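Listing of work-v7.pdb, PDB, C-alpha atoms, pLDDT in the B column
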```pdb
ATOM      1  CA  MET A  25       0.000   0.000   0.000  1.00 55.00           C
ATOM      2  CA  ARG A  26       1.368   3.337  -1.012  1.00 66.00           C
ATOM      3  CA  ARG A  27       1.821   6.031   1.574  1.00 79.00           C
ATOM      4  CA  ILE A  28      -1.055   8.443   2.236  1.00 86.00           C
ATOM      5  CA  ARG A  29      -0.312  12.056   1.372  1.00 87.00           C
ATOM      6  CA  LEU A  30      -2.779  14.694   2.482  1.00 90.00           C
ATOM      7  CA  THR A  31      -3.267  18.157   1.102  1.00 90.00           C
ATOM      8  CA  THR A  32      -3.697  21.101   3.438  1.00 91.00           C
ATOM      9  CA  THR A  33      -7.456  21.077   2.811  1.00 92.00           C
ATOM     10  CA  ASP A  34      -7.805  17.340   3.409  1.00 92.00           C
ATOM     11  CA  GLN A  35      -5.771  17.508   6.594  1.00 92.00           C
ATOM     12  CA  ALA A  36      -7.807  20.447   7.920  1.00 93.00           C
ATOM     13  CA  HIS A  37     -11.024  18.573   7.098  1.00 93.00           C
ATOM     14  CA  LEU A  38      -9.899  15.426   8.888  1.00 93.00           C
ATOM     15  CA  GLU A  39      -8.718  17.368  11.937  1.00 93.00           C
ATOM     16  CA  HIS A  40     -12.019  19.247  12.143  1.00 94.00           C
ATOM     17  CA  LEU A  41     -13.990  16.005  11.825  1.00 93.00           C
ATOM     18  CA  PHE A  42     -11.774  14.369  14.449  1.00 93.00           C
ATOM     19  CA  LYS A  43     -12.441  17.180  16.952  1.00 93.00           C
ATOM     20  CA  THR A  44     -16.183  17.642  16.348  1.00 93.00           C
ATOM     21  CA  THR A  45     -17.667  14.209  15.660  1.00 91.00           C
ATOM     22  CA  PRO A  46     -19.428  12.506  18.597  1.00 92.00           C
ATOM     23  CA  ASN A  47     -18.823   9.089  17.000  1.00 91.00           C
ATOM     24  CA  ARG A  48     -15.822   7.450  18.624  1.00 91.00           C
ATOM     25  CA  ARG A  49     -15.330   4.955  15.788  1.00 92.00           C
ATOM     26  CA  LEU A  50     -15.219   7.676  13.164  1.00 93.00           C
ATOM     27  CA  ARG A  51     -12.808   9.628  15.342  1.00 94.00           C
ATOM     28  CA  ASP A  52     -10.454   6.639  15.517  1.00 94.00           C
ATOM     29  CA  ARG A  53     -10.519   6.283  11.733  1.00 94.00           C
ATOM     30  CA  CYS A  54      -9.698   9.943  11.193  1.00 94.00           C
ATOM     31  CA  GLN A  55      -6.863   9.686  13.689  1.00 94.00           C
ATOM     32  CA  ALA A  56      -5.478   6.609  11.934  1.00 94.00           C
ATOM     33  CA  VAL A  57      -5.355   8.465   8.592  1.00 94.00           C
ATOM     34  CA  LEU A  58      -3.715  11.507  10.180  1.00 94.00           C
ATOM     35  CA  MET A  59      -1.097   9.362  11.902  1.00 94.00           C
ATOM     36  CA  ALA A  60      -0.408   7.411   8.698  1.00 93.00           C
ATOM     37  CA  SER A  61       0.077  10.658   6.752  1.00 92.00           C
ATOM     38  CA  ARG A  62       2.853  11.601   9.210  1.00 91.00           C
ATOM     39  CA  GLY A  63       4.719   8.389   8.432  1.00 90.00           C
ATOM     40  CA  ARG A  64       3.672   6.272  11.423  1.00 92.00           C
ATOM     41  CA  LYS A  65       3.679   2.501  10.888  1.00 92.00           C
ATOM     42  CA  ARG A  66       0.434   0.566  10.768  1.00 91.00           C
ATOM     43  CA  ALA A  67       1.454  -1.708  13.638  1.00 92.00           C
ATOM     44  CA  ALA A  68       2.100   1.310  15.883  1.00 94.00           C
ATOM     45  CA  ILE A  69      -1.213   2.916  14.869  1.00 94.00           C
ATOM     46  CA  ALA A  70      -3.088  -0.295  15.662  1.00 94.00           C
ATOM     47  CA  GLN A  71      -1.387  -0.532  19.047  1.00 94.00           C
ATOM     48  CA  ASP A  72      -2.211   3.085  19.932  1.00 93.00           C
ATOM     49  CA  LEU A  73      -5.866   2.748  18.922  1.00 93.00           C
ATOM     50  CA  GLY A  74      -6.359  -0.708  20.396  1.00 93.00           C
ATOM     51  CA  VAL A  75      -7.368  -2.403  17.121  1.00 94.00           C
ATOM     52  CA  HIS A  76      -5.871  -5.045  14.855  1.00 94.00           C
ATOM     53  CA  ARG A  77      -3.327  -4.121  12.207  1.00 93.00           C
ATOM     54  CA  THR A  78      -5.622  -5.496   9.489  1.00 94.00           C
ATOM     55  CA  THR A  79      -8.335  -3.089  10.635  1.00 94.00           C
ATOM     56  CA  VAL A  80      -5.998  -0.133  10.184  1.00 94.00           C
ATOM     57  CA  ARG A  81      -5.063  -1.380   6.725  1.00 93.00           C
ATOM     58  CA  LEU A  82      -8.751  -1.544   5.716  1.00 93.00           C
ATOM     59  CA  TRP A  83      -9.366   2.002   7.033  1.00 93.00           C
ATOM     60  CA  LEU A  84      -6.464   3.421   5.041  1.00 93.00           C
ATOM     61  CA  LYS A  85      -7.508   1.530   1.914  1.00 92.00           C
ATOM     62  CA  GLN A  86     -11.078   2.851   2.151  1.00 92.00           C
ATOM     63  CA  TYR A  87      -9.803   6.410   2.557  1.00 92.00           C
ATOM     64  CA  GLN A  88      -7.551   6.108  -0.486  1.00 91.00           C
ATOM     65  CA  GLU A  89     -10.430   4.823  -2.598  1.00 91.00           C
ATOM     66  CA  ARG A  90     -13.342   7.028  -1.452  1.00 89.00           C
ATOM     67  CA  GLY A  91     -11.934   9.735   0.791  1.00 89.00           C
ATOM     68  CA  VAL A  92     -13.792  10.771   3.926  1.00 89.00           C
ATOM     69  CA  THR A  93     -16.891   8.976   2.675  1.00 89.00           C
ATOM     70  CA  GLY A  94     -15.018   5.677   2.978  1.00 89.00           C
ATOM     71  CA  LEU A  95     -14.446   6.343   6.683  1.00 91.00           C
ATOM     72  CA  GLN A  96     -18.152   6.754   7.442  1.00 88.00           C
ATOM     73  CA  ILE A  97     -19.822   3.882   9.272  1.00 84.00           C
ATOM     74  CA  HIS A  98     -22.602   2.223   7.290  1.00 80.00           C
ATOM     75  CA  TRP A  99     -24.961   0.074   9.306  1.00 78.00           C
ATOM     76  CA  ALA A 100     -26.772  -2.869   7.811  1.00 77.00           C
ATOM     77  CA  PRO A 101     -30.513  -2.300   7.352  1.00 78.00           C
ATOM     78  CA  GLY A 102     -31.329  -5.341   9.465  1.00 75.00           C
ATOM     79  CA  GLN A 103     -34.187  -7.762   9.214  1.00 79.00           C
ATOM     80  CA  THR A 104     -37.526  -6.481   7.999  1.00 81.00           C
ATOM     81  CA  GLY A 105     -40.235  -6.369  10.660  1.00 84.00           C
ATOM     82  CA  ARG A 106     -42.834  -9.117  10.609  1.00 88.00           C
ATOM     83  CA  ILE A 107     -45.701  -6.658  11.058  1.00 92.00           C
ATOM     84  CA  PRO A 108     -46.403  -4.903   7.736  1.00 91.00           C
ATOM     85  CA  GLU A 109     -46.413  -1.113   7.897  1.00 91.00           C
ATOM     86  CA  THR A 110     -49.807  -1.118   6.169  1.00 92.00           C
ATOM     87  CA  LEU A 111     -51.388  -2.577   9.331  1.00 93.00           C
ATOM     88  CA  ALA A 112     -50.630   0.530  11.378  1.00 93.00           C
ATOM     89  CA  PRO A 113     -54.059   2.171  10.712  1.00 93.00           C
ATOM     90  CA  THR A 114     -55.800  -1.116  11.548  1.00 94.00           C
ATOM     91  CA  ILE A 115     -53.983  -1.535  14.869  1.00 94.00           C
ATOM     92  CA  GLN A 116     -54.630   2.120  15.644  1.00 92.00           C
ATOM     93  CA  ALA A 117     -58.351   1.503  15.093  1.00 92.00           C
ATOM     94  CA  TRP A 118     -58.249  -1.518  17.424  1.00 93.00           C
ATOM     95  CA  VAL A 119     -56.696   0.576  20.163  1.00 92.00           C
ATOM     96  CA  LYS A 120     -59.159   3.404  19.616  1.00 90.00           C
ATOM     97  CA  ASP A 121     -62.208   1.117  19.792  1.00 90.00           C
ATOM     98  CA  GLY A 122     -60.809  -0.823  22.744  1.00 90.00           C
ATOM     99  CA  PRO A 123     -60.931  -4.573  23.359  1.00 91.00           C
ATOM    100  CA  GLN A 124     -64.699  -4.495  23.855  1.00 89.00           C
ATOM    101  CA  GLY A 125     -65.129  -2.951  20.413  1.00 89.00           C
ATOM    102  CA  CYS A 126     -63.300  -5.986  19.023  1.00 90.00           C
ATOM    103  CA  GLY A 127     -65.531  -8.423  20.893  1.00 89.00           C
ATOM    104  CA  LEU A 128     -63.099  -9.152  23.733  1.00 89.00           C
ATOM    105  CA  ASP A 129     -63.931  -9.163  27.420  1.00 88.00           C
ATOM    106  CA  ARG A 130     -61.127  -6.859  28.548  1.00 84.00           C
ATOM    107  CA  ALA A 131     -60.888  -3.301  29.800  1.00 86.00           C
ATOM    108  CA  ASN A 132     -57.641  -2.181  28.144  1.00 88.00           C
ATOM    109  CA  TRP A 133     -55.103  -3.352  25.584  1.00 92.00           C
ATOM    110  CA  THR A 134     -51.618  -4.574  26.372  1.00 91.00           C
ATOM    111  CA  TYR A 135     -48.811  -5.311  23.906  1.00 93.00           C
ATOM    112  CA  GLU A 136     -49.153  -9.028  24.537  1.00 92.00           C
ATOM    113  CA  GLU A 137     -52.909  -8.990  23.983  1.00 92.00           C
ATOM    114  CA  LEU A 138     -52.485  -6.958  20.797  1.00 93.00           C
ATOM    115  CA  ALA A 139     -49.979  -9.520  19.507  1.00 93.00           C
ATOM    116  CA  THR A 140     -52.379 -12.351  20.333  1.00 93.00           C
ATOM    117  CA  TYR A 141     -55.294 -10.616  18.615  1.00 93.00           C
ATOM    118  CA  LEU A 142     -53.119  -9.855  15.575  1.00 93.00           C
ATOM    119  CA  TYR A 143     -52.344 -13.573  15.261  1.00 93.00           C
ATOM    120  CA  GLN A 144     -56.032 -14.481  15.554  1.00 93.00           C
ATOM    121  CA  ILE A 145     -57.044 -12.034  12.818  1.00 92.00           C
ATOM    122  CA  THR A 146     -54.143 -12.088  10.352  1.00 92.00           C
ATOM    123  CA  GLY A 147     -52.147 -15.185  11.273  1.00 92.00           C
ATOM    124  CA  ILE A 148     -48.986 -13.087  11.850  1.00 92.00           C
ATOM    125  CA  GLU A 149     -47.251 -14.363  14.977  1.00 92.00           C
ATOM    126  CA  VAL A 150     -45.102 -11.822  16.805  1.00 93.00           C
ATOM    127  CA  LYS A 151     -43.918 -11.430  20.356  1.00 92.00           C
ATOM    128  CA  ARG A 152     -44.769  -8.692  22.803  1.00 91.00           C
ATOM    129  CA  THR A 153     -41.462  -6.890  22.188  1.00 92.00           C
ATOM    130  CA  ALA A 154     -42.041  -6.702  18.423  1.00 92.00           C
ATOM    131  CA  MET A 155     -45.533  -5.296  18.989  1.00 93.00           C
ATOM    132  CA  ARG A 156     -44.161  -2.724  21.441  1.00 92.00           C
ATOM    133  CA  VAL A 157     -41.515  -1.548  18.968  1.00 91.00           C
ATOM    134  CA  PHE A 158     -44.110  -1.315  16.190  1.00 93.00           C
ATOM    135  CA  CYS A 159     -46.538   0.672  18.347  1.00 93.00           C
ATOM    136  CA  GLN A 160     -43.850   3.070  19.563  1.00 92.00           C
ATOM    137  CA  ARG A 161     -42.692   3.690  15.993  1.00 90.00           C
ATOM    138  CA  HIS A 162     -46.237   4.650  14.993  1.00 91.00           C
ATOM    139  CA  ALA A 163     -47.083   6.525  18.236  1.00 90.00           C
ATOM    140  CA  ILE A 164     -49.720   3.957  19.275  1.00 91.00           C
ATOM    141  CA  ARG A 165     -50.453   3.642  22.991  1.00 88.00           C
ATOM    142  CA  PRO A 166     -52.352   0.423  23.750  1.00 81.00           C
ATOM    143  CA  TYR A 167     -53.114   1.241  27.381  1.00 72.00           C
ATOM    144  CA  ARG A 168     -55.839   3.837  27.815  1.00 59.00           C
ATOM    145  CA  PRO A 169     -56.895   4.559  31.443  1.00 57.00           C
ATOM    146  CA  THR A 170     -60.632   4.490  32.051  1.00 57.00           C
ATOM    147  CA  TYR A 171     -60.613   6.703  35.151  1.00 57.00           C
ATOM    148  CA  ARG A 172     -60.716  10.484  35.257  1.00 62.00           C
ATOM    149  CA  LEU A 173     -59.524  12.837  37.970  1.00 60.00           C
ATOM    150  CA  SER A 174     -61.936  15.669  38.777  1.00 63.00           C
ATOM    151  CA  ALA A 175     -61.330  18.688  40.962  1.00 62.00           C
ATOM    152  CA  ARG A 176     -63.182  18.920  44.281  1.00 62.00           C
ATOM    153  CA  ARG A 177     -65.988  21.457  44.234  1.00 63.00           C
ATOM    154  CA  PRO A 178     -65.748  24.418  46.648  1.00 62.00           C
ATOM    155  CA  GLY A 179     -67.289  23.616  50.009  1.00 60.00           C
ATOM    156  CA  GLU A 180     -67.336  19.864  49.416  1.00 58.00           C
ATOM    157  CA  ALA A 181     -65.865  17.824  52.246  1.00 55.00           C
ATOM    158  CA  THR A 182     -63.192  15.277  51.515  1.00 56.00           C
ATOM    159  CA  GLY A 183     -63.613  11.577  52.234  1.00 54.00           C
ATOM    160  CA  ARG A 184     -61.495  11.820  55.366  1.00 55.00           C
ATOM    161  CA  SER A 185     -63.571  14.732  56.684  1.00 53.00           C
ATOM    162  CA  ARG A 186     -66.815  12.862  56.037  1.00 55.00           C
ATOM    163  CA  ARG A 187     -65.482   9.759  57.799  1.00 54.00           C
ATOM    164  CA  THR A 188     -64.226  11.837  60.761  1.00 54.00           C
ATOM    165  CA  GLY A 189     -67.587  13.573  61.123  1.00 53.00           C
ATOM    166  CA  HIS A 190     -69.404  10.243  61.034  1.00 54.00           C
ATOM    167  CA  VAL A 191     -67.173   8.803  63.756  1.00 54.00           C
ATOM    168  CA  LYS A 192     -67.648  11.933  65.874  1.00 57.00           C
ATOM    169  CA  LYS A 193     -71.435  11.669  65.628  1.00 58.00           C
ATOM    170  CA  ARG A 194     -71.309   8.025  66.696  1.00 62.00           C
ATOM    171  CA  THR A 195     -69.114   8.971  69.680  1.00 66.00           C
ATOM    172  CA  ILE A 196     -71.567  11.656  70.750  1.00 67.00           C
ATOM    173  CA  ARG A 197     -74.492   9.224  70.549  1.00 68.00           C
ATOM    174  CA  SER A 198     -72.588   6.616  72.570  1.00 69.00           C
ATOM    175  CA  LYS A 199     -71.738   9.111  75.304  1.00 65.00           C
ATOM    176  CA  ALA A 200     -75.319  10.366  75.363  1.00 66.00           C
ATOM    177  CA  LYS A 201     -76.553   6.811  75.894  1.00 69.00           C
ATOM    178  CA  LEU A 202     -74.011   6.344  78.686  1.00 65.00           C
ATOM    179  CA  LEU A 203     -75.190   9.607  80.281  1.00 66.00           C
ATOM    180  CA  LEU A 204     -78.816   8.507  80.225  1.00 66.00           C
ATOM    181  CA  HIS A 205     -77.820   5.154  81.729  1.00 63.00           C
ATOM    182  CA  GLY A 206     -75.984   6.941  84.563  1.00 60.00           C
ATOM    183  CA  MET A 207     -78.931   9.241  85.250  1.00 56.00           C
ATOM    184  CA  THR A 208     -81.269   6.262  85.442  1.00 55.00           C
ATOM    185  CA  SER A 209     -78.893   4.476  87.812  1.00 51.00           C
ATOM    186  CA  LEU A 210     -78.833   7.461  90.158  1.00 48.00           C
ATOM    187  CA  CYS A 211     -82.603   7.553  90.245  1.00 51.00           C
ATOM    188  CA  TYR A 212     -82.811   3.878  91.198  1.00 50.00           C
ATOM    189  CA  GLY A 213     -80.130   4.029  93.882  1.00 52.00           C
ATOM    190  CA  ASP A 214     -77.083   2.720  91.996  1.00 52.00           C
ATOM    191  CA  PRO A 215     -74.650   5.690  91.969  1.00 51.00           C
ATOM    192  CA  SER A 216     -71.681   3.397  91.262  1.00 53.00           C
ATOM    193  CA  ALA A 217     -72.988   2.789  87.749  1.00 49.00           C
ATOM    194  CA  PHE A 218     -72.600   6.466  86.885  1.00 48.00           C
ATOM    195  CA  ASN A 219     -68.997   6.692  85.672  1.00 52.00           C
ATOM    196  CA  ILE A 220     -68.160  10.327  84.989  1.00 51.00           C
ATOM    197  CA  GLU A 221     -64.583   9.532  83.963  1.00 49.00           C
ATOM    198  CA  ALA A 222     -65.866   7.287  81.161  1.00 48.00           C
ATOM    199  CA  LEU A 223     -67.772  10.246  79.732  1.00 46.00           C
ATOM    200  CA  GLY A 224     -64.717  12.496  79.428  1.00 49.00           C
ATOM    201  CA  ASN A 225     -64.742  16.279  79.451  1.00 49.00           C
ATOM    202  CA  GLN A 226     -67.940  18.218  79.156  1.00 46.00           C
ATOM    203  CA  GLU A 227     -66.727  19.725  75.828  1.00 47.00           C
ATOM    204  CA  ASP A 228     -66.667  16.284  74.127  1.00 46.00           C
ATOM    205  CA  HIS A 229     -70.387  15.799  73.821  1.00 44.00           C
ATOM    206  CA  CYS A 230     -71.823  19.011  72.397  1.00 45.00           C
ATOM    207  CA  GLY A 231     -73.053  20.876  75.453  1.00 47.00           C
ATOM    208  CA  LEU A 232     -73.982  17.933  77.707  1.00 45.00           C
ATOM    209  CA  SER A 233     -73.039  19.261  81.140  1.00 46.00           C
ATOM    210  CA  LEU A 234     -71.254  16.601  83.189  1.00 44.00           C
ATOM    211  CA  ALA A 235     -69.150  18.695  85.556  1.00 43.00           C
ATOM    212  CA  CYS A 236     -69.175  17.702  89.171  1.00 42.00           C
ATOM    213  CA  GLY A 237     -71.746  19.621  91.145  1.00 44.00           C
ATOM    214  CA  ASP A 238     -74.260  20.057  88.251  1.00 46.00           C
ATOM    215  CA  ASN A 239     -77.808  19.200  89.104  1.00 47.00           C
ATOM    216  CA  ILE A 240     -79.167  16.192  87.224  1.00 45.00           C
ATOM    217  CA  GLN A 241     -82.915  16.195  86.923  1.00 47.00           C
ATOM    218  CA  THR A 242     -85.041  13.380  85.626  1.00 44.00           C
ATOM    219  CA  ASP A 243     -88.711  13.050  85.095  1.00 45.00           C
TER     220      ASP A 243
END
```

Show this structure as structure tokens.
Amino acid sequence: MRRIRLTTTDQAHLEHLFKTTPNRRLRDRCQAVLMASRGRKRAAIAQDLGVHRTTVRLWLKQYQERGVTGLQIHWAPGQTGRIPETLAPTIQAWVKDGPQGCGLDRANWTYEELATYLYQITGIEVKRTAMRVFCQRHAIRPYRPTYRLSARRPGEATGRSRRTGHVKKRTIRSKAKLLLHGMTSLCYGDPSAFNIEALGNQEDHCGLSLACGDNIQTD
């Protein structure tokens, strides 16, 4: 392989690409060409970059044949997806109508259920991951929540407040019953049954006076 000789323009272009590209592999290739143009041996370049000497030889050969374009990384297109792109509107309609619109007894779609339904309708068997990738590529969201959050109206009590008020009313009724039981016991000569400490403070039962020394009158 003949030695690489760079013009001032080519060297400036490679140095700019080396400093600005975010691709580490392309940066290594530019560096290999720059080092080879300064007379560095391929074995030393491979050792500095941590690659095989044959790899450096291929990089230099590609640059000599096609320039900077030969240093670009070209990825293989990969395997074609099993779900045809023409089915995107159909799957979108399934998601929009929901499982019940397709005759299924479910509340919401999942990727796995969409893949199963696709196999039942079209005979195309795919996994959950393939369906997820297809839906994300076409901005399809299979899960649609059925609940809705609404703001609390002014003056409306929260659930905790309603529960607290209910418990408080039950407590007042219980203490009122205990008070009536104590009054009846006093009238029939059983003062020990009247337990004032069990009733608590007189502020706990909405104006029922239980302080010591109050007169208790019964019919």

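For the file shown, the residue list from the PyMOL selection byres ((chain A and resi 38) around 9) reads A:Thr33, A:Asp34, A:Gln35, A:Ala36, A:His37, A:Glu39, A:His40, A:Leu41, A:Phe42, A:Lys43, A:Cys54, A:Gln55, A:Val57, A:Leu58, A:Val92.
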
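For the pair CA of Asn47 in chain A and CA of Arg161 in chain A, the separation is 24.5 Å.
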
Pick out the residues sitting within 8 Å of range 116-129 of chain A, and hand them over as an mmCIF file with C-alpha atoms, in the frame of the given file; count all atoms listed in the file, and ignore anything fewer than 5 positions along from it in its own chain.
```cif
data_model
loop_
_atom_site.group_PDB
_atom_site.id
_atom_site.type_symbol
_atom_site.label_atom_id
_atom_site.label_comp_id
_atom_site.auth_asym_id
_atom_site.auth_seq_id
_atom_site.Cartn_x
_atom_site.Cartn_y
_atom_site.Cartn_z
ATOM 1 C CA ILE A 164 -49.720 3.957 19.275
ATOM 2 C CA ARG A 165 -50.453 3.642 22.991
ATOM 3 C CA PRO A 166 -52.352 0.423 23.750
#
```

Neighbouring residues of range 78-85 of chain A were defined as those with any atom within 12 Å, considering only C-alpha atoms; residues of the same chain fewer than 6 positions away were excluded. Please report them as a PyMOL selection string.
chain A and resi 25-29+49-61+64-72+91-97

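Of the residues listed (A:Leu73, A:Arg62, A:Trp99, A:Ala112), A:Ala112 shows the shortest atom-to-atom separation from Ala163 in chain A; distances use only C-alpha atoms.
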